[in-house]
file protein17.txt (compact mmCIF, C-alpha atoms)
# COMPACT_ATOMS: atom_id res chain seq x y z
CA MET A 117 21.46 50.62 -68.30
CA PRO A 118 20.74 52.20 -64.93
CA VAL A 119 23.69 52.61 -62.62
CA ARG A 120 24.27 53.54 -59.02
CA HIS A 121 27.26 55.38 -57.70
CA TYR A 122 29.52 54.44 -54.84
CA ALA A 123 32.22 56.52 -53.20
CA VAL A 124 35.10 54.26 -52.26
CA SER A 125 38.24 55.02 -50.30
CA ALA A 126 41.20 52.72 -49.72
CA VAL A 127 44.39 53.47 -47.81
CA GLY A 128 47.42 51.31 -47.12
CA ALA A 129 51.22 51.27 -46.97
CA ASP A 130 52.43 52.01 -50.49
CA ARG A 131 53.71 49.20 -52.71
CA PRO A 132 53.35 48.25 -56.36
CA GLY A 133 50.11 46.52 -57.34
CA ILE A 134 47.51 48.31 -55.20
CA VAL A 135 45.81 50.15 -58.08
CA ALA A 136 45.84 47.06 -60.29
CA ALA A 137 44.28 44.91 -57.55
CA VAL A 138 41.55 47.34 -56.50
CA THR A 139 40.57 48.36 -60.03
CA GLY A 140 40.56 44.69 -61.06
CA THR A 141 37.83 44.06 -58.52
CA PHE A 142 35.77 46.94 -59.91
CA LEU A 143 36.21 45.67 -63.45
CA ASP A 144 35.18 42.13 -62.45
CA HIS A 145 31.94 43.52 -61.06
CA GLY A 146 31.09 45.68 -64.05
CA CYS A 147 31.91 48.97 -62.33
CA ASN A 148 33.13 51.96 -64.29
CA LEU A 149 35.64 54.31 -62.65
CA GLU A 150 34.47 57.90 -62.82
CA ASP A 151 36.34 60.66 -60.97
CA THR A 152 39.28 59.39 -58.95
CA SER A 153 42.13 60.87 -56.98
CA MET A 154 44.99 58.72 -55.75
CA THR A 155 48.23 59.80 -54.19
CA ILE A 156 50.91 58.88 -51.69
CA LEU A 157 50.45 60.56 -48.33
CA ARG A 158 53.54 60.08 -46.18
CA GLY A 159 54.24 56.60 -47.50
CA HIS A 160 50.61 55.52 -47.56
CA PHE A 161 48.78 55.17 -50.82
CA ALA A 162 45.37 56.83 -50.57
CA MET A 163 42.70 56.15 -53.18
CA MET A 164 39.42 58.00 -53.50
CA LEU A 165 37.11 56.89 -56.25
CA VAL A 166 33.60 57.46 -57.45
CA VAL A 167 32.49 54.39 -59.40
CA ALA A 168 29.37 53.72 -61.44
CA ALA A 169 28.10 50.25 -60.61
CA PRO A 170 25.45 48.15 -62.36
CA ASP A 171 22.10 48.83 -60.71
CA GLY A 172 21.86 45.34 -59.25
CA LEU A 173 25.21 45.50 -57.45
CA ALA A 174 24.50 45.80 -53.73
CA GLN A 175 26.84 47.69 -51.44
CA GLU A 176 27.46 44.52 -49.40
CA THR A 177 28.48 42.61 -52.53
CA LEU A 178 30.97 45.31 -53.49
CA GLU A 179 32.32 45.46 -49.95
CA SER A 180 32.90 41.73 -49.75
CA ALA A 181 34.51 41.72 -53.21
CA LEU A 182 36.89 44.49 -52.11
CA ALA A 183 37.83 42.45 -49.02
CA GLU A 184 40.16 40.39 -51.22
CA PRO A 185 42.51 43.17 -52.39
CA ALA A 186 42.09 44.83 -48.98
CA SER A 187 43.44 41.73 -47.29
CA ALA A 188 46.18 41.13 -49.87
CA PHE A 189 47.51 44.69 -49.52
CA ASP A 190 46.44 45.45 -45.95
CA LEU A 191 44.15 48.30 -47.04
CA VAL A 192 41.49 50.06 -45.05
CA VAL A 193 38.52 50.25 -47.42
CA ALA A 194 35.27 52.16 -47.06
CA VAL A 195 32.29 52.06 -49.43
CA ARG A 196 29.37 54.45 -49.42
CA ALA A 197 26.41 54.70 -51.77
CA ILE A 198 26.02 58.26 -53.01
CA ASP A 199 23.17 60.07 -54.68
CA ASP A 200 23.23 60.13 -58.43
CA ASP A 201 22.30 63.81 -58.31
CA VAL A 202 25.69 65.43 -58.56
CA PRO A 203 25.78 68.50 -56.31
CA VAL A 204 26.77 71.60 -58.23
CA SER A 205 29.58 73.66 -56.74
CA PRO A 206 28.82 77.37 -56.33
CA PRO A 207 29.77 79.43 -59.40
CA GLY A 208 32.51 82.04 -59.35
CA ASP A 209 36.06 82.76 -60.42
CA ALA A 210 38.96 80.32 -60.02
CA TRP A 211 41.81 81.50 -57.79
CA THR A 212 44.79 79.78 -56.24
CA VAL A 213 45.90 80.28 -52.65
CA SER A 214 49.44 79.28 -51.65
CA VAL A 215 50.45 79.07 -48.01
CA TYR A 216 53.86 78.02 -46.78
CA GLY A 217 56.05 78.41 -43.73
CA SER A 218 57.18 76.74 -40.51
CA ASP A 219 54.85 73.94 -39.51
CA ARG A 220 52.51 74.65 -36.61
CA PRO A 221 49.02 73.52 -35.62
CA GLY A 222 46.05 75.36 -37.06
CA ILE A 223 47.30 76.57 -40.44
CA VAL A 224 44.75 74.66 -42.52
CA HIS A 225 41.92 75.29 -40.11
CA ARG A 226 42.42 79.03 -39.82
CA VAL A 227 42.93 79.60 -43.53
CA ALA A 228 39.88 77.46 -44.33
CA LEU A 229 37.81 79.28 -41.70
CA LEU A 230 38.70 82.67 -43.17
CA LEU A 231 37.79 81.45 -46.65
CA ALA A 232 34.51 79.91 -45.48
CA ASP A 233 33.51 83.13 -43.74
CA ALA A 234 34.07 84.93 -47.06
CA GLY A 235 31.85 82.41 -48.87
CA VAL A 236 34.86 81.06 -50.76
CA ASN A 237 34.54 77.43 -51.85
CA ILE A 238 37.58 75.14 -51.71
CA VAL A 239 37.59 72.83 -54.73
CA ASP A 240 41.03 71.26 -54.32
CA LEU A 241 43.52 71.26 -51.48
CA SER A 242 46.79 69.49 -50.93
CA THR A 243 49.40 69.92 -48.26
CA ARG A 244 52.93 68.61 -47.93
CA VAL A 245 55.49 68.75 -45.16
CA ILE A 246 58.79 69.45 -46.90
CA GLY A 247 62.35 70.28 -45.94
CA ASP A 248 64.53 69.00 -43.06
CA VAL A 249 63.08 66.94 -40.24
CA ALA A 250 64.59 69.47 -37.83
CA ARG A 251 62.98 72.44 -39.60
CA PRO A 252 59.90 71.20 -41.41
CA VAL A 253 58.16 73.52 -43.82
CA TYR A 254 54.45 73.24 -44.36
CA ALA A 255 53.21 73.93 -47.88
CA MET A 256 49.55 74.13 -48.85
CA ILE A 257 48.01 74.85 -52.25
CA LEU A 258 44.29 75.51 -52.52
CA GLU A 259 42.18 75.88 -55.62
CA VAL A 260 39.23 78.03 -54.65
CA THR A 261 36.15 79.64 -56.17
CA LEU A 262 35.48 83.25 -55.27
CA PRO A 263 31.79 84.14 -55.42
CA LYS A 264 30.93 86.87 -57.92
CA GLY A 265 31.47 90.28 -56.40
CA THR A 266 34.19 89.19 -53.98
CA ASP A 267 36.75 91.92 -53.39
CA ALA A 268 39.94 89.96 -54.07
CA GLY A 269 42.13 92.79 -52.78
CA ASP A 270 40.30 92.77 -49.47
CA LEU A 271 40.52 88.98 -49.22
CA GLN A 272 44.22 89.11 -50.01
CA GLN A 273 44.66 91.71 -47.28
CA ARG A 274 42.83 89.58 -44.68
CA LEU A 275 44.81 86.51 -45.69
CA GLY A 276 47.95 88.59 -45.27
CA VAL A 277 46.97 89.56 -41.72
CA LEU A 278 46.22 85.92 -40.86
CA ALA A 279 49.50 84.78 -42.43
CA GLY A 280 51.31 87.31 -40.24
CA ASP A 281 49.54 85.86 -37.19
CA LEU A 282 50.53 82.33 -38.16
CA GLY A 283 54.06 83.28 -39.17
CA VAL A 284 53.62 81.91 -42.70
CA GLU A 285 53.59 83.30 -46.22
CA CYS A 286 50.33 83.47 -48.11
CA SER A 287 49.45 84.61 -51.61
CA LEU A 288 46.29 84.71 -53.68
CA HIS A 289 46.32 84.81 -57.46
CA PRO A 290 43.80 84.31 -60.24
CA SER A 291 43.91 80.97 -62.02
CA ASP A 292 41.25 81.43 -64.65
CA ALA A 293 42.14 79.51 -67.74
CA ASP A 294 42.18 80.95 -71.25
CA ILE A 295 40.24 78.81 -73.67
CA LEU A 296 42.20 78.66 -76.89
CA MET B 236 31.30 80.34 -95.63
CA ALA B 237 30.29 78.21 -92.73
CA VAL B 238 30.56 77.78 -89.03
CA ARG B 239 31.71 74.19 -88.67
CA PRO B 240 31.25 71.95 -85.66
CA VAL B 241 34.33 71.84 -83.41
CA LEU B 242 35.51 68.29 -82.85
CA ARG B 243 35.91 67.26 -79.23
CA LEU B 244 37.59 64.40 -77.46
CA PRO B 245 37.40 61.45 -77.79
CA ASP B 246 37.32 62.16 -81.54
CA HIS B 247 40.51 60.54 -82.82
CA PHE B 248 40.79 62.97 -85.71
CA LEU B 249 42.25 65.48 -83.23
CA LYS B 250 45.27 63.20 -82.80
CA GLN B 251 46.09 63.01 -86.52
CA PRO B 252 48.94 65.18 -87.79
CA ALA B 253 47.71 67.49 -90.56
CA GLU B 254 49.06 67.56 -94.13
CA PRO B 255 50.82 70.61 -95.62
CA VAL B 256 48.68 72.86 -97.81
CA GLY B 257 51.57 73.58 -100.19
CA ARG B 258 49.82 76.03 -102.48
CA VAL B 259 47.09 78.38 -101.30
CA ASP B 260 44.26 77.53 -103.70
CA ASP B 261 40.48 78.05 -103.59
CA ALA B 262 40.01 75.10 -101.24
CA ALA B 263 42.57 76.54 -98.84
CA ARG B 264 40.92 79.97 -98.98
CA ALA B 265 37.52 78.39 -98.31
CA LEU B 266 39.03 76.59 -95.33
CA ALA B 267 40.37 79.93 -94.05
CA VAL B 268 36.89 81.43 -94.20
CA ASP B 269 35.46 78.48 -92.26
CA LEU B 270 38.21 78.77 -89.65
CA VAL B 271 37.49 82.45 -89.08
CA ASP B 272 33.69 81.95 -89.11
CA THR B 273 33.98 79.13 -86.59
CA MET B 274 36.26 81.18 -84.34
CA ARG B 275 33.89 84.17 -84.49
CA ALA B 276 30.92 81.96 -83.59
CA SER B 277 32.22 81.47 -80.03
CA PRO B 278 32.81 84.77 -78.23
CA ALA B 279 35.48 83.34 -75.89
CA CYS B 280 37.38 81.66 -78.72
CA VAL B 281 40.72 83.19 -79.75
CA GLY B 282 41.86 80.54 -82.20
CA ILE B 283 40.92 77.47 -84.20
CA ALA B 284 43.10 74.97 -86.04
CA ALA B 285 41.93 73.14 -89.16
CA THR B 286 42.22 69.80 -87.35
CA GLN B 287 39.57 70.97 -84.90
CA ILE B 288 37.00 71.40 -87.67
CA GLY B 289 37.79 68.11 -89.33
CA ALA B 290 40.23 69.31 -92.00
CA ALA B 291 43.61 67.56 -92.02
CA ARG B 292 45.40 70.62 -93.38
CA ARG B 293 48.13 72.69 -91.77
CA ALA B 294 46.14 75.88 -91.24
CA PHE B 295 44.85 77.90 -88.34
CA THR B 296 43.47 81.26 -87.35
CA ILE B 297 43.96 83.28 -84.19
CA ASP B 298 42.86 86.70 -82.99
CA VAL B 299 43.82 87.92 -79.53
CA THR B 300 42.44 91.44 -80.03
CA GLY B 301 41.24 92.86 -76.72
CA HIS B 302 42.49 89.97 -74.60
CA ARG B 303 43.71 91.22 -71.23
CA LYS B 304 46.84 89.04 -71.31
CA ALA B 305 47.86 90.03 -74.83
CA ARG B 306 50.87 92.28 -75.46
CA SER B 307 51.72 91.83 -79.11
CA CYS B 308 48.57 91.75 -81.22
CA HIS B 309 48.47 91.25 -84.97
CA GLY B 310 44.68 91.14 -85.14
CA GLU B 311 43.14 88.37 -87.19
CA ILE B 312 45.81 85.98 -88.44
CA VAL B 313 45.33 83.08 -90.84
CA LEU B 314 48.42 81.03 -91.61
CA PHE B 315 49.01 78.01 -93.82
CA ASP B 316 51.92 75.62 -93.33
CA PRO B 317 53.14 77.54 -90.27
CA GLU B 318 56.49 76.81 -88.70
CA VAL B 319 58.21 78.07 -85.59
CA LEU B 320 61.50 79.80 -86.39
CA LEU B 321 62.30 80.87 -82.85
CA ALA B 322 60.82 80.22 -79.42
CA HIS B 323 62.17 81.09 -76.01
CA GLY B 324 61.31 82.06 -72.46
CA PRO B 325 58.93 79.34 -71.25
CA VAL B 326 56.11 80.58 -69.02
CA VAL B 327 53.50 78.45 -67.28
CA ALA B 328 49.86 79.48 -67.65
CA ARG B 329 46.54 77.72 -67.43
CA GLU B 330 44.79 76.97 -70.67
CA GLY B 331 41.80 75.11 -71.95
CA CYS B 332 40.65 74.08 -75.39
CA MET B 333 37.38 74.02 -77.29
CA SER B 334 38.16 70.40 -78.15
CA VAL B 335 38.73 69.27 -74.55
CA PRO B 336 35.55 69.50 -72.50
CA ASP B 337 35.65 70.21 -68.76
CA LEU B 338 39.40 70.31 -68.15
CA THR B 339 42.03 73.00 -68.03
CA GLY B 340 45.72 72.58 -67.38
CA ASP B 341 48.91 74.43 -66.59
CA VAL B 342 51.17 74.39 -69.64
CA ALA B 343 54.66 75.84 -70.09
CA ARG B 344 55.04 77.56 -73.45
CA ALA B 345 57.53 79.98 -74.94
CA SER B 346 56.64 83.60 -74.24
CA THR B 347 58.33 84.91 -77.38
CA VAL B 348 58.03 83.25 -80.77
CA VAL B 349 58.73 83.94 -84.41
CA VAL B 350 56.40 82.03 -86.70
CA ARG B 351 56.46 81.88 -90.48
CA GLY B 352 53.66 80.76 -92.79
CA LEU B 353 51.65 81.57 -95.90
CA THR B 354 48.79 84.07 -95.90
CA VAL B 355 45.50 83.68 -97.79
CA ASP B 356 47.19 85.57 -100.66
CA GLY B 357 49.84 82.87 -100.81
CA THR B 358 52.58 85.25 -99.70
CA GLU B 359 55.02 84.46 -96.93
CA ARG B 360 54.44 86.17 -93.60
CA VAL B 361 56.73 86.23 -90.56
CA ILE B 362 55.12 87.10 -87.24
CA GLU B 363 56.95 87.92 -84.05
CA ALA B 364 54.64 87.50 -81.07
CA ASP B 365 54.90 87.44 -77.32
CA ALA B 366 52.80 86.80 -74.21
CA PHE B 367 49.29 85.56 -74.92
CA GLU B 368 49.54 85.82 -78.69
CA ALA B 369 52.63 83.57 -78.59
CA ARG B 370 50.73 81.04 -76.47
CA ALA B 371 47.77 81.08 -78.84
CA LEU B 372 50.07 80.51 -81.87
CA LEU B 373 51.83 77.58 -80.19
CA HIS B 374 48.56 76.04 -79.00
CA GLU B 375 47.15 76.06 -82.56
CA LEU B 376 50.43 74.83 -84.05
CA ASP B 377 50.25 71.87 -81.66
CA HIS B 378 46.82 70.95 -83.03
CA LEU B 379 48.38 70.54 -86.49
CA ASP B 380 50.73 67.93 -85.02
CA GLY B 381 47.89 66.13 -83.27
CA LEU B 382 48.88 67.49 -79.87
CA LEU B 383 46.45 68.75 -77.24
CA PHE B 384 47.35 70.71 -74.11
CA LEU B 385 46.77 67.43 -72.26
CA ASP B 386 49.94 66.17 -73.96
CA ARG B 387 51.85 69.09 -72.46
CA VAL B 388 50.65 69.48 -68.86
CA SER B 389 53.54 69.28 -66.46
CA SER B 390 51.88 67.01 -63.91
CA HIS B 391 48.46 65.64 -63.05
CA GLU B 392 48.30 68.21 -60.26
CA SER B 393 48.06 70.87 -62.92
CA LEU B 394 44.79 69.55 -64.36
CA PHE B 395 41.65 71.28 -63.22
CA ARG B 396 37.97 71.17 -63.90
CA ARG B 397 36.96 73.94 -66.16
CA LYS B 398 34.14 76.28 -65.30
CA VAL B 399 31.15 76.11 -67.55
CA TYR B 400 31.21 78.46 -70.53
CA LYS B 401 27.80 79.29 -71.85
call {"tool": "encode", "arguments": {"input": "protein17.txt", "output": "structure tokens"}}
result
Amino acid sequence: MPVRHYAVSAVGADRPGIVAAVTGTFLDHGCNLEDTSMTILRGHFAMMLVVAAPDGLAQETLESALAEPASAFDLVVAVRAIDDDVPVSPPGDAWTVSVYGSDRPGIVHRVALLLADAGVNIVDLSTRVIGDVARPVYAMILEVTLPKGTDAGDLQQRLGVLAGDLGVECSLHPSDADIL
Amino acid sequence: MAVRPVLRLPDHFLKQPAEPVGRVDDAARALAVDLVDTMRASPACVGIAATQIGAARRAFTIDVTGHRKARSCHGEIVLFDPEVLLAHGPVVAREGCMSVPDLTGDVARASTVVVRGLTVDGTERVIEADAFEARALLHELDHLDGLLFLDRVSSHESLFRRKVYK
């Protein structure tokens, strides 16, 4: 049976029942959950989902169906039809970048800019503000793909210089998995 | 002698605990050959458990020769009815599995182990292993109990998409 894919996001103050309500709507409309990521961001539950919907299910129908859980849980919901051609991420080696230190504006942007300039693709990123309110610590973990031929030592060195500029700690280490 | 297909999720056979071999007979020795042949058929493969090739017997093979993370290396090992005598020093590392398509995960495993089992000759063998060889032994032992690395990942944040292996 042909399907079409929708990217759906929903955000609202966290409380029990949000996942059950939203996924219930998808189930009622014959949608299959594909890749999803859901987490609490500073007390707000944030859902990102790619769902496979029956071909006949119009975006407007899905949107109005989602209005019910959205209203019940005060969620901001967005629906977008996406191409069924899944874009392929650039190939390369998996590395992890950790950045942490005193919170200040520009940490994510400047690290991401340096990585982008080096052709490094970010495949996963999460940040958390941890520690005391008086002395917040910003922690960021990135999963990245280094294009073939990247000089990891050189990249590490440039990240080190940037980290010095920002007054944070930064490390780069390989995260290739061993297939057993 | 045969390269056997490697079962992959969602095949429920992978979740079945395997039965002890007891005595190393011709059937067990034939299974050992299939395990080694199947492991050798995939260049990146360093180990296969009997459960993965559809045999509910407590048997596996590993070979970490030449692996960059290996310290101890006993070459090609085939063990029947293996058991862990000693395990300590948990270390987290990322692993994947021939039976789990697309995902890898960070798993804490002992970095030093002593494992005992029967060889293809039916004699008892005790192997002390560390680093990557210890991880490989424990990963294959898990298969015999119906456990995949997915049962051991510390949190969902330690699950990652695996790059494509040709």
call {"tool": "atom_distance", "arguments": {"input": "protein17.txt", "atom1": "atom CA of A:His225", "atom2": "atom CA of A:Ala126"}}
result
24.5 Å
call {"tool": "residues_around", "arguments": {"input": "protein17.txt", "residues": "stretch 372-378 of chain B", "least_positions_apart": "5", "cutoff": "8 Å", "atoms": "all atoms listed in the file", "output": "list in words"}}
result
Leu296 of chain A; Leu249, Lys250, Pro252, Gly282, Ile283, Ala284, Thr286, Gln287, Phe295, Thr296, Ile297, Pro317, Glu318, Arg344, Leu383 and Phe384 of chain B
call {"tool": "interface_residues", "arguments": {"input": "protein17.txt", "of": "chain A", "to": "chain B", "cutoff": "12 Å", "atoms": "only C-alpha atoms", "output": "PDB file with C-alpha atoms, in the coordinates of the input"}}
result
ATOM      1  CA  ASP A 151      36.340  60.660 -60.970  1.00  0.00           C
ATOM      2  CA  THR A 152      39.280  59.390 -58.950  1.00  0.00           C
ATOM      3  CA  SER A 153      42.130  60.870 -56.980  1.00  0.00           C
ATOM      4  CA  MET A 154      44.990  58.720 -55.750  1.00  0.00           C
ATOM      5  CA  THR A 155      48.230  59.800 -54.190  1.00  0.00           C
ATOM      6  CA  VAL A 204      26.770  71.600 -58.230  1.00  0.00           C
ATOM      7  CA  SER A 205      29.580  73.660 -56.740  1.00  0.00           C
ATOM      8  CA  PRO A 206      28.820  77.370 -56.330  1.00  0.00           C
ATOM      9  CA  PRO A 207      29.770  79.430 -59.400  1.00  0.00           C
ATOM     10  CA  GLY A 208      32.510  82.040 -59.350  1.00  0.00           C
ATOM     11  CA  ASP A 209      36.060  82.760 -60.420  1.00  0.00           C
ATOM     12  CA  ALA A 210      38.960  80.320 -60.020  1.00  0.00           C
ATOM     13  CA  TRP A 211      41.810  81.500 -57.790  1.00  0.00           C
ATOM     14  CA  THR A 212      44.790  79.780 -56.240  1.00  0.00           C
ATOM     15  CA  VAL A 239      37.590  72.830 -54.730  1.00  0.00           C
ATOM     16  CA  ASP A 240      41.030  71.260 -54.320  1.00  0.00           C
ATOM     17  CA  LEU A 241      43.520  71.260 -51.480  1.00  0.00           C
ATOM     18  CA  SER A 242      46.790  69.490 -50.930  1.00  0.00           C
ATOM     19  CA  ILE A 257      48.010  74.850 -52.250  1.00  0.00           C
ATOM     20  CA  LEU A 258      44.290  75.510 -52.520  1.00  0.00           C
ATOM     21  CA  GLU A 259      42.180  75.880 -55.620  1.00  0.00           C
ATOM     22  CA  VAL A 260      39.230  78.030 -54.650  1.00  0.00           C
ATOM     23  CA  THR A 261      36.150  79.640 -56.170  1.00  0.00           C
ATOM     24  CA  PRO A 290      43.800  84.310 -60.240  1.00  0.00           C
ATOM     25  CA  SER A 291      43.910  80.970 -62.020  1.00  0.00           C
ATOM     26  CA  ASP A 292      41.250  81.430 -64.650  1.00  0.00           C
ATOM     27  CA  ALA A 293      42.140  79.510 -67.740  1.00  0.00           C
ATOM     28  CA  ASP A 294      42.180  80.950 -71.250  1.00  0.00           C
ATOM     29  CA  ILE A 295      40.240  78.810 -73.670  1.00  0.00           C
ATOM     30  CA  LEU A 296      42.200  78.660 -76.890  1.00  0.00           C
TER      31      LEU A 296
END
call {"tool": "closest_residue", "arguments": {"input": "protein17.txt", "among": "B:Ala253, B:Ala305, B:Leu321, B:Val388", "to": "B:Arg293", "atoms": "only C-alpha atoms"}}
result
B:Ala253
call {"tool": "atom_distance", "arguments": {"input": "protein17.txt", "atom1": "atom CA of B:Ala364", "atom2": "atom CA of B:Leu394"}}
result
26.4 Å
call {"tool": "closest_residue", "arguments": {"input": "protein17.txt", "among": "A:Met256, A:Ala188, A:Arg120, A:Leu143", "to": "A:Ala174", "atoms": "all atoms listed in the file"}}
result
A:Arg120
call {"tool": "residues_near_point", "arguments": {"input": "protein17.txt", "point": "(61.1, 73.0, -43.0)", "cutoff": "12 Å", "atoms": "all atoms listed in the file", "output": "number ranges by chain"}}
result
A: 216-220, 244-255, 284
call {"tool": "atom_distance", "arguments": {"input": "protein17.txt", "atom1": "atom CA of B:Val349", "atom2": "atom CA of B:Val319"}}
result
6.0 Å
call {"tool": "closest_residue", "arguments": {"input": "protein17.txt", "among": "A:Val138, A:Leu288, A:Leu182, A:Val192", "to": "A:Leu231", "atoms": "only C-alpha atoms"}}
result
A:Leu288
call {"tool": "residues_near_point", "arguments": {"input": "protein17.txt", "point": "(49.3, 84.8, -98.4)", "cutoff": "12 Å", "atoms": "only C-alpha atoms", "output": "NGL selection string"}}
result
:B and (256-260 or 263-264 or 267 or 294 or 312-317 or 351-361)
call {"tool": "residues_around", "arguments": {"input": "protein17.txt", "residues": "A:Asp190", "least_positions_apart": "4", "cutoff": "9 Å", "atoms": "only C-alpha atoms", "output": "ChimeraX atom specification"}}
result
/A:127-129,185-186
call {"tool": "decode", "arguments": {"input": "protein17.txt", "residues": "stretch 178-231 of chain A", "atoms": "C-alpha atoms", "output": "CSV table (one decimal), in the first residue's frame"}}
result
chain,number,residue,atom,x,y,z
A,178,LEU,CA,-4.1,14.8,10.0
A,179,GLU,CA,-3.8,18.4,11.3
A,180,SER,CA,-7.5,18.6,12.4
A,181,ALA,CA,-7.2,15.1,14.0
A,182,LEU,CA,-4.2,16.2,16.0
A,183,ALA,CA,-6.1,19.3,17.2
A,184,GLU,CA,-7.8,17.1,19.8
A,185,PRO,CA,-4.7,16.0,21.8
A,186,ALA,CA,-3.2,19.4,21.1
A,187,SER,CA,-6.1,21.1,22.8
A,188,ALA,CA,-6.3,18.5,25.7
A,189,PHE,CA,-2.6,18.9,26.5
A,190,ASP,CA,-2.0,22.5,25.3
A,191,LEU,CA,0.5,21.4,22.7
A,192,VAL,CA,1.9,23.4,19.8
A,193,VAL,CA,1.7,21.0,16.8
A,194,ALA,CA,3.2,21.3,13.4
A,195,VAL,CA,2.7,19.0,10.4
A,196,ARG,CA,4.7,19.0,7.2
A,197,ALA,CA,4.6,16.6,4.3
A,198,ILE,CA,8.1,15.4,3.4
A,199,ASP,CA,9.5,13.7,0.4
A,200,ASP,CA,9.6,10.0,0.4
A,201,ASP,CA,13.1,10.1,-1.0
A,202,VAL,CA,15.2,9.9,2.2
A,203,PRO,CA,18.2,12.2,1.8
A,204,VAL,CA,21.4,10.3,2.4
A,205,SER,CA,23.8,11.8,4.9
A,206,PRO,CA,27.4,12.2,3.7
A,207,PRO,CA,29.6,9.2,4.4
A,208,GLY,CA,32.5,9.3,6.8
A,209,ASP,CA,33.7,8.2,10.2
A,210,ALA,CA,31.7,8.6,13.4
A,211,TRP,CA,33.2,10.9,16.0
A,212,THR,CA,31.9,12.4,19.2
A,213,VAL,CA,32.5,16.0,20.2
A,214,SER,CA,32.0,17.1,23.8
A,215,VAL,CA,31.9,20.7,24.9
A,216,TYR,CA,31.3,21.9,28.4
A,217,GLY,CA,31.9,25.0,30.5
A,218,SER,CA,30.4,28.2,31.8
A,219,ASP,CA,27.3,29.2,29.9
A,220,ARG,CA,27.7,32.1,27.4
A,221,PRO,CA,26.1,33.0,24.1
A,222,GLY,CA,27.5,31.6,20.9
A,223,ILE,CA,28.9,28.2,22.0
A,224,VAL,CA,26.7,26.1,19.8
A,225,HIS,CA,26.9,28.5,16.9
A,226,ARG,CA,30.7,28.8,16.9
A,227,VAL,CA,31.4,25.1,17.3
A,228,ALA,CA,28.8,24.3,14.6
A,229,LEU,CA,30.4,26.9,12.3
A,230,LEU,CA,33.8,25.5,12.7
A,231,LEU,CA,32.5,22.0,12.0
